[in-house]
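J.: Below you'll find the structure I mean.
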Amino acid sequence: MLNQKFAVVDLETTGNNKNKDSIIQLSIVIVQNLKIIDQYTTFLSDQTELTPFIKELTNIETSMLEDAPKFRDIAPRVASLLDGCIFTAHNVEFDFGFLQAAFKACGIDYQPSHLLDTVELSKIFLPRLERFQLNEIAQALGLELSNAHRADEDAKATADLLLHLLRKMISLDTETLKHLYHLSKPLKYNLSDVIFSIVAESGTGGVEDLERHGNFYIKRPKPNSKKMEAVTVRELYESYIAHSGRQYRTEQLHLANEIFEALEQKENLALEAYTGVGKTIAFLIATISFHSLYGRRVLISTSKKILQHQILIEDLAALEEAVGMPVPAVALKGRENYLNLDAFKLLLSIDDNNTEIIQLKMKLLVWLLETDTGDLSEIHLKGPERAYYRTASIQAGENARHFFFNRALSEAAEATFTVTNHYFLTDCIDHLPDIDTVIVDEAHQLKRSLEERMKTTFSYQTMKFFIGQIGTPSQERLLSNYISHNDGASIYLLEDILKHLNQNIDKMFGAIAAKNTSDLLHHVETGIRHASTFLGAVRGTRNYQIIYNHMHHYQKMLSSLGGAIRQDRYILEGNMNLQKIKVHVQQEDMESIRKRTGHIAATIMLSGTLEVNGGFDHLDYWYGDRPFRSLIIQKEDLFGGTKIFIPEDIPSYDVNDDDFVSAIVEYIAIYLSETDQKLMVLFSNFELLDKVYEYTEDVQTFEDFVILRQTRMTTSEKLLSQFNQLDKCVLLGTSSFNEGINMQTQGTKCLMLTKLPFPVPKKSDFRNFYKNDLPEAVFQFRQIAGRVQRRPEDRGLLLLFDKRILDKKYRNSFLKYFPTENIVQGDGESFKALLRDL
């Protein structure tokens, strides 16, 4: 089959409806014997009127289509090109469906013998990827794709992707390929035929770097590194500068020395250092020097996966070169974040025709040949995948072996330092009792992460899904598997209990919606009794352990929920719609966190944004009564390239005031008219966002721009990807865009903010505002400002529709680091003048 021709097809169309919309560009790349041998591309003129969105997305203009053929003129040639080929596309259902409909309109019945989808292949054979848009895959693999959403370039990139995937499949060992072949048989497209041909026709990879676990392989661990020679902070910093070619910065060396001194003296330190000083390199130099001189290990916590990757891959490589030898360092999280091999074996043993479960099993098989850590975050499990895996973990039982977690602990015992993220910081402290020094990078985000970690969420959908996994006798799930090993005496009882448990979930969430606590507790207790009866009925029977573990976990969920309700440790989220109700249960408080971390001698809090309202008092949630030293390494003109404009000719913030909504739309229109550039506008709620969106539909200025509107159903990642691809667009988003995003624009970056990012108050007292709400708002505001000025040479504009920043006493907390002349207040004409000056 590998010797057959693959026809890699990509289409650009006027819309998504194959029965109404038309193909405007078609490209076919022919692949044979793992080589590209031909490509055919043409524009088509069946429909030449294009919407602004299609023009912007594809860079195709009407003039390009006017002299092009119609599809019926080229249909015979296209059919001849495709004849006998394996039809391949990125999201094959779309391209095949459109092309088949176009052929049908010309009287041609096109029925290829094989279909192949590179999206499906990528999800399985590129397990570390999080998103599967062609441009993102191309960027991750280094494939050429300079003009995405043009059929010729997309088809070529898809062909390159296909070749990459085929070569990777050929490199796999025979045992893994046989597993993949059997698993892939129920899939919609013809992947199983391709895998079969690889096993039958082609040589496959060896197992030299693999070790067997049961009937599958995993990658062998790397050997441990030798001990490091002693090196001072200054020696290491100067060596780093010499090897990296970076600029020598007195502030960076000063920062490294301050951190080293705190580690050496076991001193708590709260340290604000301006963005751009090089904090990561500074604390890594301090940590490595500290370990080399004293042999003691440090736990480093940061806020995001991308920062962990930067520390362990990019920055560490530069420092290893400076040291002249490997510096052993590992990432560590909570046990549940590592693949449970017993759970995976259980998943493999269960027959299931569900496409998502099949793809999950196949992805895990491939990933196990690649991963050094077994860290599940590497494979970005989506909602259903995460639920299936978590269910298998529960069914494997609490005594399951945690191979990868135990390996990570062993590696941490030999490492110079261990890196975790804020969410798992306390877990890591529990598992590394000999570590008594901690560095918290991006410390302004720690409290929020700890609060999230202390919370368990119960929802109608997750509880229904959990009971649904047991299934009925006719479904290929836990109950049918149990029945196959036992007689039918208790089956009717078990079915009846499951029916009552399903009804019980409806009653519990109905009581939550009605805010009837006594009824809720009654239904929780009833559910616990039903679960207990179920457990008693299956205990001791044949092959009962899996279904027993599953129900026992559900019983513990109910007990946890009931305890939280009685002790008033819960928050409700949602409305009368049962499927949207969530119950957030607080499992711990900050006092218990301080007790768990009481043996930590030194915690160094480090961030570009840490001091608020003249002090660091808000950090007492972590330090408690323990003393800590504070230090600020500042740069007065940190945001010297960013202007803040506050309109003075708009009404006060009021979502229900039409004049206020109109004023926002007018300022957006001014920006678009004056600059002809893309723009991001952030809202504190969907109500105002939706109203602004409705108003834009009546303003002519917006007709030439694509409006990207965030809804409760869209992800910020997808919108940001579209925003960065398009040249003329407006993104209307919420607080999910406040931090961690990279705006890609030409020239000056502009962001509009409708309101200062104060959180919804948890308490009404004034002290809580300055201790909790204000720090969080300041952190968010500086992160937003950082979106428009990432580097000192950048130029940015932040338009803020909130006059409080000028006349409230907390003004300086927000405007620190902004030169006075960069803060401008004025009317619409002043804004136009400012834009012209930029």
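Labels used: A, B, ... for chains in the order of the structure tokens, numbers from 1 for residues in each chain, and numbers from 1 for ligands as shown.
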Need the shell around segment 490-497 of chain A: protein/DNA/RNA residues with any atom at most 7 Å away, counting only C-alpha atoms. Skip same-chain ones fewer than 4 positions apart. Format as a ChimeraX atom specification?
T.: /A:501,530,534
J.: Taking the DSSP assignment computed from this structure's backbone, write out as a ChimeraX atom specification all residues of segment 527-594 of chain A that belong to strand (DSSP E or B).
T.: /A:570-573,582-586
J.: Would you export the selected residues with N, CA, C and O atoms as a compact mmCIF listing (two decimals), in the first residue's frame, please?
T.:
# COMPACT_ATOMS: atom_id res chain seq x y z
N TYR A 570 -18.54 25.24 50.79
CA TYR A 570 -18.84 25.08 49.37
C TYR A 570 -19.34 26.38 48.76
O TYR A 570 -19.81 27.27 49.47
N ILE A 571 -19.18 26.47 47.43
CA ILE A 571 -19.68 27.61 46.66
C ILE A 571 -20.44 27.06 45.47
O ILE A 571 -19.97 26.13 44.79
N LEU A 572 -21.61 27.61 45.20
CA LEU A 572 -22.42 27.17 44.08
C LEU A 572 -22.17 28.05 42.86
O LEU A 572 -22.00 29.26 42.98
N GLU A 573 -22.15 27.42 41.69
CA GLU A 573 -22.00 28.16 40.44
C GLU A 573 -23.02 27.62 39.45
O GLU A 573 -23.14 26.40 39.27
N LYS A 582 -22.47 23.72 39.18
CA LYS A 582 -21.24 23.17 39.75
C LYS A 582 -21.20 23.50 41.24
O LYS A 582 -21.65 24.57 41.66
N VAL A 583 -20.68 22.58 42.02
CA VAL A 583 -20.48 22.80 43.45
C VAL A 583 -18.98 22.74 43.71
O VAL A 583 -18.34 21.71 43.51
N HIS A 584 -18.42 23.87 44.15
CA HIS A 584 -16.99 23.94 44.45
C HIS A 584 -16.80 23.73 45.95
O HIS A 584 -17.32 24.50 46.77
N VAL A 585 -16.08 22.69 46.29
CA VAL A 585 -15.87 22.32 47.69
C VAL A 585 -14.46 22.68 48.11
O VAL A 585 -13.49 22.31 47.44
N GLN A 586 -14.33 23.42 49.21
CA GLN A 586 -13.03 23.80 49.74
C GLN A 586 -12.52 22.68 50.64
O GLN A 586 -13.08 22.43 51.70
J.: DSSP on the backbone, helix (DSSP H, G or I) only: what residues of segment 697-824 of chain A does that give? Format it as a tab-separated table (two decimals) with N, CA and C atoms, in the first residue's frame.
T.:
chain	number	residue	atom	x	y	z
A	700	GLN	N	-20.43	51.20	9.63
A	700	GLN	CA	-19.81	50.87	8.34
A	700	GLN	C	-18.31	50.58	8.48
A	701	THR	N	-17.66	51.24	9.40
A	701	THR	CA	-16.21	51.06	9.57
A	701	THR	C	-15.84	49.59	9.75
A	702	PHE	N	-16.72	48.84	10.40
A	702	PHE	CA	-16.41	47.45	10.75
A	702	PHE	C	-16.59	46.48	9.58
A	703	GLU	N	-17.14	46.94	8.47
A	703	GLU	CA	-17.41	46.04	7.35
A	703	GLU	C	-16.14	45.46	6.75
A	704	ASP	N	-15.03	46.19	6.83
A	704	ASP	CA	-13.77	45.73	6.25
A	704	ASP	C	-12.92	44.92	7.22
A	716	SER	N	-10.15	30.68	24.11
A	716	SER	CA	-9.28	31.82	23.85
A	716	SER	C	-8.13	31.42	22.93
A	717	GLU	N	-7.67	30.16	23.03
A	717	GLU	CA	-6.56	29.70	22.19
A	717	GLU	C	-6.92	29.78	20.71
A	718	LYS	N	-8.11	29.32	20.37
A	718	LYS	CA	-8.53	29.33	18.97
A	718	LYS	C	-8.68	30.76	18.45
A	719	LEU	N	-9.29	31.63	19.25
A	719	LEU	CA	-9.46	33.03	18.82
A	719	LEU	C	-8.12	33.73	18.67
A	720	LEU	N	-7.20	33.46	19.59
A	720	LEU	CA	-5.89	34.10	19.51
A	720	LEU	C	-5.15	33.64	18.26
A	721	SER	N	-5.28	32.36	17.92
A	721	SER	CA	-4.64	31.84	16.71
A	721	SER	C	-5.18	32.57	15.48
A	722	GLN	N	-6.51	32.77	15.42
A	722	GLN	CA	-7.11	33.49	14.29
A	722	GLN	C	-6.67	34.95	14.28
A	723	PHE	N	-6.64	35.57	15.46
A	723	PHE	CA	-6.23	36.97	15.56
A	723	PHE	C	-4.81	37.15	15.03
A	724	ASN	N	-3.92	36.24	15.39
A	724	ASN	CA	-2.52	36.37	14.97
A	724	ASN	C	-2.34	36.09	13.48
A	725	GLN	N	-3.25	35.34	12.87
A	725	GLN	CA	-3.15	35.04	11.44
A	725	GLN	C	-3.67	36.17	10.57
A	735	SER	N	-11.54	38.22	30.26
A	735	SER	CA	-10.34	38.19	31.09
A	735	SER	C	-9.45	36.99	30.81
A	736	SER	N	-9.92	35.99	30.05
A	736	SER	CA	-9.08	34.85	29.71
A	736	SER	C	-7.90	35.28	28.84
A	737	PHE	N	-7.95	36.51	28.31
A	737	PHE	CA	-6.85	37.05	27.50
A	737	PHE	C	-5.93	37.97	28.32
A	766	PHE	N	-13.37	46.50	53.89
A	766	PHE	CA	-12.40	47.37	53.24
A	766	PHE	C	-11.00	46.76	53.27
A	767	ARG	N	-10.64	46.12	54.39
A	767	ARG	CA	-9.31	45.54	54.54
A	767	ARG	C	-9.09	44.46	53.48
A	768	ASN	N	-10.10	43.67	53.22
A	768	ASN	CA	-9.97	42.60	52.23
A	768	ASN	C	-9.69	43.16	50.84
A	769	PHE	N	-10.24	44.34	50.54
A	769	PHE	CA	-10.00	44.96	49.23
A	769	PHE	C	-8.51	45.22	49.04
A	770	TYR	N	-7.86	45.82	50.03
A	770	TYR	CA	-6.45	46.17	49.88
A	770	TYR	C	-5.53	44.95	50.01
A	771	LYS	N	-6.00	43.93	50.69
A	771	LYS	CA	-5.15	42.76	50.92
A	771	LYS	C	-5.28	41.73	49.81
A	772	ASN	N	-6.44	41.63	49.19
A	772	ASN	CA	-6.68	40.59	48.20
A	772	ASN	C	-7.09	41.13	46.83
A	773	ASP	N	-8.16	41.93	46.79
A	773	ASP	CA	-8.70	42.37	45.50
A	773	ASP	C	-7.74	43.31	44.77
A	774	LEU	N	-7.18	44.29	45.49
A	774	LEU	CA	-6.28	45.25	44.84
A	774	LEU	C	-5.02	44.57	44.31
A	775	PRO	N	-4.32	43.75	45.11
A	775	PRO	CA	-3.14	43.08	44.54
A	775	PRO	C	-3.45	42.28	43.29
A	776	GLU	N	-4.55	41.54	43.31
A	776	GLU	CA	-4.88	40.73	42.14
A	776	GLU	C	-5.15	41.62	40.93
A	777	ALA	N	-5.85	42.74	41.13
A	777	ALA	CA	-6.13	43.64	40.02
A	777	ALA	C	-4.85	44.27	39.47
A	778	VAL	N	-3.94	44.66	40.35
A	778	VAL	CA	-2.67	45.26	39.91
A	778	VAL	C	-1.85	44.24	39.12
A	779	PHE	N	-1.79	43.00	39.61
A	779	PHE	CA	-1.06	41.95	38.90
A	779	PHE	C	-1.62	41.79	37.49
A	780	GLN	N	-2.94	41.73	37.41
A	780	GLN	CA	-3.59	41.54	36.12
A	780	GLN	C	-3.32	42.72	35.19
A	781	PHE	N	-3.40	43.94	35.74
A	781	PHE	CA	-3.21	45.14	34.92
A	781	PHE	C	-1.80	45.18	34.33
A	782	ARG	N	-0.80	44.86	35.15
A	782	ARG	CA	0.57	44.89	34.64
A	782	ARG	C	0.81	43.78	33.63
A	783	GLN	N	0.15	42.65	33.81
A	783	GLN	CA	0.25	41.59	32.82
A	783	GLN	C	-0.34	42.05	31.49
A	784	ILE	N	-1.48	42.75	31.56
A	784	ILE	CA	-2.12	43.26	30.34
A	784	ILE	C	-1.19	44.27	29.65
A	785	ALA	N	-0.61	45.17	30.45
A	785	ALA	CA	0.32	46.14	29.87
A	785	ALA	C	1.50	45.43	29.22
A	786	GLY	N	1.90	44.32	29.81
A	786	GLY	CA	3.00	43.55	29.25
A	786	GLY	C	2.68	42.91	27.92
A	787	ARG	N	1.39	42.81	27.59
A	787	ARG	CA	1.00	42.25	26.28
A	787	ARG	C	1.36	43.22	25.15
A	788	VAL	N	1.31	44.53	25.44
A	788	VAL	CA	1.55	45.51	24.38
A	788	VAL	C	2.99	46.00	24.35
A	804	ARG	N	-11.34	55.62	37.12
A	804	ARG	CA	-10.93	55.44	38.52
A	804	ARG	C	-9.41	55.40	38.65
A	805	ILE	N	-8.73	55.00	37.61
A	805	ILE	CA	-7.27	54.88	37.69
A	805	ILE	C	-6.60	56.23	37.93
A	806	LEU	N	-7.33	57.33	37.66
A	806	LEU	CA	-6.74	58.66	37.82
A	806	LEU	C	-7.09	59.31	39.15
A	807	ASP	N	-8.26	58.98	39.72
A	807	ASP	CA	-8.69	59.76	40.89
A	807	ASP	C	-8.85	58.95	42.17
A	811	ARG	N	-4.19	54.76	42.70
A	811	ARG	CA	-3.66	55.13	41.38
A	811	ARG	C	-2.21	54.66	41.19
A	812	ASN	N	-1.36	54.96	42.16
A	812	ASN	CA	0.07	54.66	42.01
A	812	ASN	C	0.35	53.17	41.98
A	813	SER	N	-0.52	52.37	42.60
A	813	SER	CA	-0.32	50.92	42.54
A	813	SER	C	-0.40	50.43	41.11
A	814	PHE	N	-1.28	51.02	40.32
A	814	PHE	CA	-1.43	50.61	38.92
A	814	PHE	C	-0.40	51.28	38.01
A	815	LEU	N	-0.13	52.56	38.27
A	815	LEU	CA	0.65	53.35	37.31
A	815	LEU	C	2.15	53.39	37.61
A	820	THR	N	4.97	59.69	33.74
A	820	THR	CA	3.81	60.57	33.85
A	820	THR	C	3.35	61.07	32.48
A	821	GLU	N	4.31	61.41	31.60
A	821	GLU	CA	3.94	61.94	30.28
A	821	GLU	C	3.27	60.89	29.38
A	822	ASN	N	3.35	59.62	29.76
A	822	ASN	CA	2.73	58.57	28.95
A	822	ASN	C	1.27	58.34	29.31
J.: Measuring between only C-alpha atoms, which one of A:Trp367, A:Glu321, A:Gly608, A:Ile600 shows the shortest distance to Gln445 of chain A?
T.: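 Closest to Gln445 of chain A of all the choices is A:Gly608.
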J.: Do you know which residues are at most 12 Å from Phe403 of chain A counting only C-alpha atoms, after dropping those on the same chain fewer than 5 positions away, and could you put them as a PyMOL selection string?
T.: chain A and resi 213+218+221+335-344+372-375+408-410
J.: Any idea what the distance is between atom CA of Thr58 of chain A and atom CA of Ile74 of chain A?
T.: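 Distance between the two atoms: 21.7 Å.
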J.: For Leu753 of chain A, list every protein, DNA or RNA residue within 9 Å, evaluated using only C-alpha atoms, and leave out those in the same chain fewer than 5 positions away; present the list as a list in words.
T.: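 Here the qualifying residues turn out to be Met680, Val681, Leu682, Phe683, Ser684, Ile784, Leu798, Leu799, Leu800, Phe801 and Asp802 of chain A.
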J.: Please write the residues from the selection above to a file, keeping all heavy atoms, as a compact mmCIF listing (two decimals), in the first residue's frame.
T.:
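Below is the file that was written, selection_18.txt:
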# COMPACT_ATOMS: atom_id res chain seq x y z
N MET A 680 -7.35 44.39 19.82
CA MET A 680 -7.93 43.50 20.82
C MET A 680 -8.63 44.34 21.88
O MET A 680 -8.06 45.31 22.39
CB MET A 680 -6.85 42.62 21.47
CG MET A 680 -7.39 41.57 22.43
SD MET A 680 -6.08 40.53 23.18
CE MET A 680 -5.54 39.60 21.75
N VAL A 681 -9.89 43.99 22.19
CA VAL A 681 -10.67 44.71 23.20
C VAL A 681 -11.10 43.69 24.26
O VAL A 681 -11.71 42.67 23.94
CB VAL A 681 -11.92 45.37 22.59
CG1 VAL A 681 -12.61 46.27 23.62
CG2 VAL A 681 -11.56 46.18 21.34
N LEU A 682 -10.78 43.99 25.53
CA LEU A 682 -11.07 43.05 26.61
C LEU A 682 -12.17 43.59 27.52
O LEU A 682 -12.15 44.76 27.92
CB LEU A 682 -9.81 42.77 27.43
CG LEU A 682 -8.63 42.16 26.66
CD1 LEU A 682 -7.49 41.83 27.61
CD2 LEU A 682 -9.05 40.93 25.87
N PHE A 683 -13.10 42.70 27.86
CA PHE A 683 -14.27 43.05 28.67
C PHE A 683 -14.25 42.26 29.98
O PHE A 683 -13.69 41.16 30.04
CB PHE A 683 -15.56 42.73 27.92
CG PHE A 683 -15.71 43.47 26.61
CD1 PHE A 683 -15.07 43.02 25.46
CD2 PHE A 683 -16.50 44.61 26.53
CE1 PHE A 683 -15.21 43.70 24.25
CE2 PHE A 683 -16.64 45.29 25.33
CZ PHE A 683 -15.99 44.84 24.19
N SER A 684 -14.90 42.81 31.00
CA SER A 684 -14.97 42.10 32.28
C SER A 684 -16.17 41.15 32.34
O SER A 684 -16.28 40.36 33.28
CB SER A 684 -15.05 43.10 33.44
OG SER A 684 -16.19 43.94 33.29
N ILE A 784 -1.48 42.75 31.56
CA ILE A 784 -2.12 43.26 30.34
C ILE A 784 -1.19 44.27 29.65
O ILE A 784 -1.00 44.23 28.43
CB ILE A 784 -3.48 43.91 30.68
CG1 ILE A 784 -4.47 42.84 31.13
CG2 ILE A 784 -4.04 44.68 29.48
CD1 ILE A 784 -5.74 43.38 31.76
N LEU A 798 -2.41 51.43 25.40
CA LEU A 798 -3.46 50.82 26.21
C LEU A 798 -4.54 51.87 26.42
O LEU A 798 -4.29 52.92 27.02
CB LEU A 798 -2.88 50.36 27.55
CG LEU A 798 -3.84 49.67 28.52
CD1 LEU A 798 -4.40 48.39 27.92
CD2 LEU A 798 -3.13 49.36 29.82
N LEU A 799 -5.73 51.62 25.88
CA LEU A 799 -6.86 52.54 26.08
C LEU A 799 -7.74 51.96 27.18
O LEU A 799 -8.20 50.82 27.08
CB LEU A 799 -7.66 52.72 24.79
CG LEU A 799 -8.74 53.80 24.86
CD1 LEU A 799 -8.92 54.49 23.50
CD2 LEU A 799 -10.09 53.24 25.31
N LEU A 800 -7.96 52.74 28.22
CA LEU A 800 -8.70 52.27 29.40
C LEU A 800 -9.96 53.09 29.59
O LEU A 800 -9.90 54.30 29.79
CB LEU A 800 -7.80 52.36 30.64
CG LEU A 800 -8.45 52.00 31.98
CD1 LEU A 800 -8.86 50.53 32.00
CD2 LEU A 800 -7.47 52.30 33.13
N PHE A 801 -11.13 52.44 29.52
CA PHE A 801 -12.41 53.13 29.72
C PHE A 801 -12.79 53.13 31.20
O PHE A 801 -13.90 52.76 31.57
CB PHE A 801 -13.51 52.42 28.91
CG PHE A 801 -13.34 52.48 27.43
CD1 PHE A 801 -12.73 51.43 26.75
CD2 PHE A 801 -13.78 53.57 26.70
CE1 PHE A 801 -12.58 51.46 25.38
CE2 PHE A 801 -13.62 53.62 25.32
CZ PHE A 801 -13.02 52.56 24.66
N ASP A 802 -11.88 53.50 32.07
CA ASP A 802 -12.15 53.46 33.51
C ASP A 802 -11.38 54.60 34.17
O ASP A 802 -10.17 54.53 34.39
CB ASP A 802 -11.69 52.10 34.07
CG ASP A 802 -12.21 51.84 35.48
OD1 ASP A 802 -12.48 52.83 36.20
OD2 ASP A 802 -12.33 50.67 35.86
J.: Which residues are near Lys188 of chain A? Cut-off 10 Å, only C-alpha atoms, ignore same chain within fewer than 5 positions. Put them as JSON, numbers by chain.
T.: {"A": [115, 116, 117, 120, 355]}
J.: Excluding same-chain residues fewer than 4 positions from segment 134-142 of chain A, what lies within 10 Å of it counting only C-alpha atoms, as a list in words?
T.: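 These residues fall inside the cut-off: His90, Asn91, Thr118, Val119, Ser122, Leu126, Leu129, Glu130, Ser146, Asn147, Ala148, His149, Asp154, Ala155, Ala157, Thr158, Asp160, Leu161, His164, Ser721 and Gln725 of chain A.
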J.: Measuring atom to atom with only C-alpha atoms, identify which of A:Ala286, A:Ile581, A:Ile546, A:Leu165 is nearest to Gln461 of chain A.
T.: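 Looking only at the distances to Gln461 of chain A, the closest residue turns out to be A:Ile581.
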J.: So how far away is atom CA of Arg594 of chain A from atom CA of Val438 of chain A, in Å?
T.: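 Distance between the two atoms: 13.7 Å.
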J.: My list of candidates is A:Gln4, A:Asn19, A:Thr517, A:Ser459. Which is closest to Gly574 of chain A when distances are computed with only C-alpha atoms?
T.: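 Under the stated criterion, the closest residue is A:Ser459.
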J.: Find the residues near Ser27 of chain A: any atom within 9 Å, counting only C-alpha atoms, skip ones fewer than 5 places away on the same chain, and give them as number ranges by chain.
T.: A: 8-11, 39-43, 151-156
J.: Please save N, CA and C atoms of the selected residues as a CSV table (one decimal), in the first residue's frame.
T.:
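So selection_2.csv came out as:
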chain,number,residue,atom,x,y,z
A,8,VAL,N,-3.0,14.1,-2.0
A,8,VAL,CA,-3.2,15.0,-0.9
A,8,VAL,C,-4.0,16.2,-1.4
A,9,VAL,N,-5.2,16.4,-0.9
A,9,VAL,CA,-6.1,17.4,-1.5
A,9,VAL,C,-6.4,18.5,-0.5
A,10,ASP,N,-6.4,19.7,-1.0
A,10,ASP,CA,-6.8,20.9,-0.1
A,10,ASP,C,-7.7,21.8,-1.0
A,11,LEU,N,-8.8,22.3,-0.4
A,11,LEU,CA,-9.7,23.2,-1.1
A,11,LEU,C,-9.8,24.5,-0.3
A,39,GLN,N,2.2,18.1,-8.5
A,39,GLN,CA,1.2,18.9,-7.8
A,39,GLN,C,0.4,19.6,-8.9
A,40,TYR,N,-0.9,19.7,-8.7
A,40,TYR,CA,-1.8,20.4,-9.6
A,40,TYR,C,-2.6,21.4,-8.8
A,41,THR,N,-2.7,22.7,-9.3
A,41,THR,CA,-3.4,23.7,-8.5
A,41,THR,C,-4.1,24.6,-9.5
A,42,THR,N,-5.3,25.0,-9.1
A,42,THR,CA,-6.1,26.0,-10.0
A,42,THR,C,-7.0,26.8,-9.1
A,43,PHE,N,-7.3,28.0,-9.5
A,43,PHE,CA,-8.4,28.8,-9.0
A,43,PHE,C,-9.7,28.3,-9.8
A,151,ALA,N,-4.8,27.0,-0.9
A,151,ALA,CA,-4.9,25.5,-1.2
A,151,ALA,C,-3.5,25.0,-1.6
A,152,ASP,N,-2.8,25.7,-2.5
A,152,ASP,CA,-1.5,25.2,-3.0
A,152,ASP,C,-0.5,24.9,-1.8
A,153,GLU,N,-0.4,25.9,-0.9
A,153,GLU,CA,0.5,25.8,0.2
A,153,GLU,C,0.0,24.8,1.2
A,154,ASP,N,-1.3,24.8,1.5
A,154,ASP,CA,-1.8,23.9,2.5
A,154,ASP,C,-1.7,22.5,2.0
A,155,ALA,N,-1.9,22.2,0.7
A,155,ALA,CA,-1.8,20.9,0.2
A,155,ALA,C,-0.3,20.4,0.3
A,156,LYS,N,0.6,21.3,-0.1
A,156,LYS,CA,2.0,20.9,0.0
A,156,LYS,C,2.4,20.6,1.5
J.: Using only C-alpha atoms, find the one residue out of A:Val78, A:Leu450, A:Ile36, A:Leu57 that sits nearest to Thr426 of chain A.
T.: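 Among A:Val78, A:Leu450, A:Ile36, A:Leu57, it is A:Leu450 that comes nearest to Thr426 of chain A.
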J.: Considering only C-alpha atoms, state which residue in the set A:Ile439, A:Ile285, A:Glu175, A:Gln469 is at the smallest distance from Ser239 of chain A.
T.: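 Closest to Ser239 of chain A of all the choices is A:Ile285.
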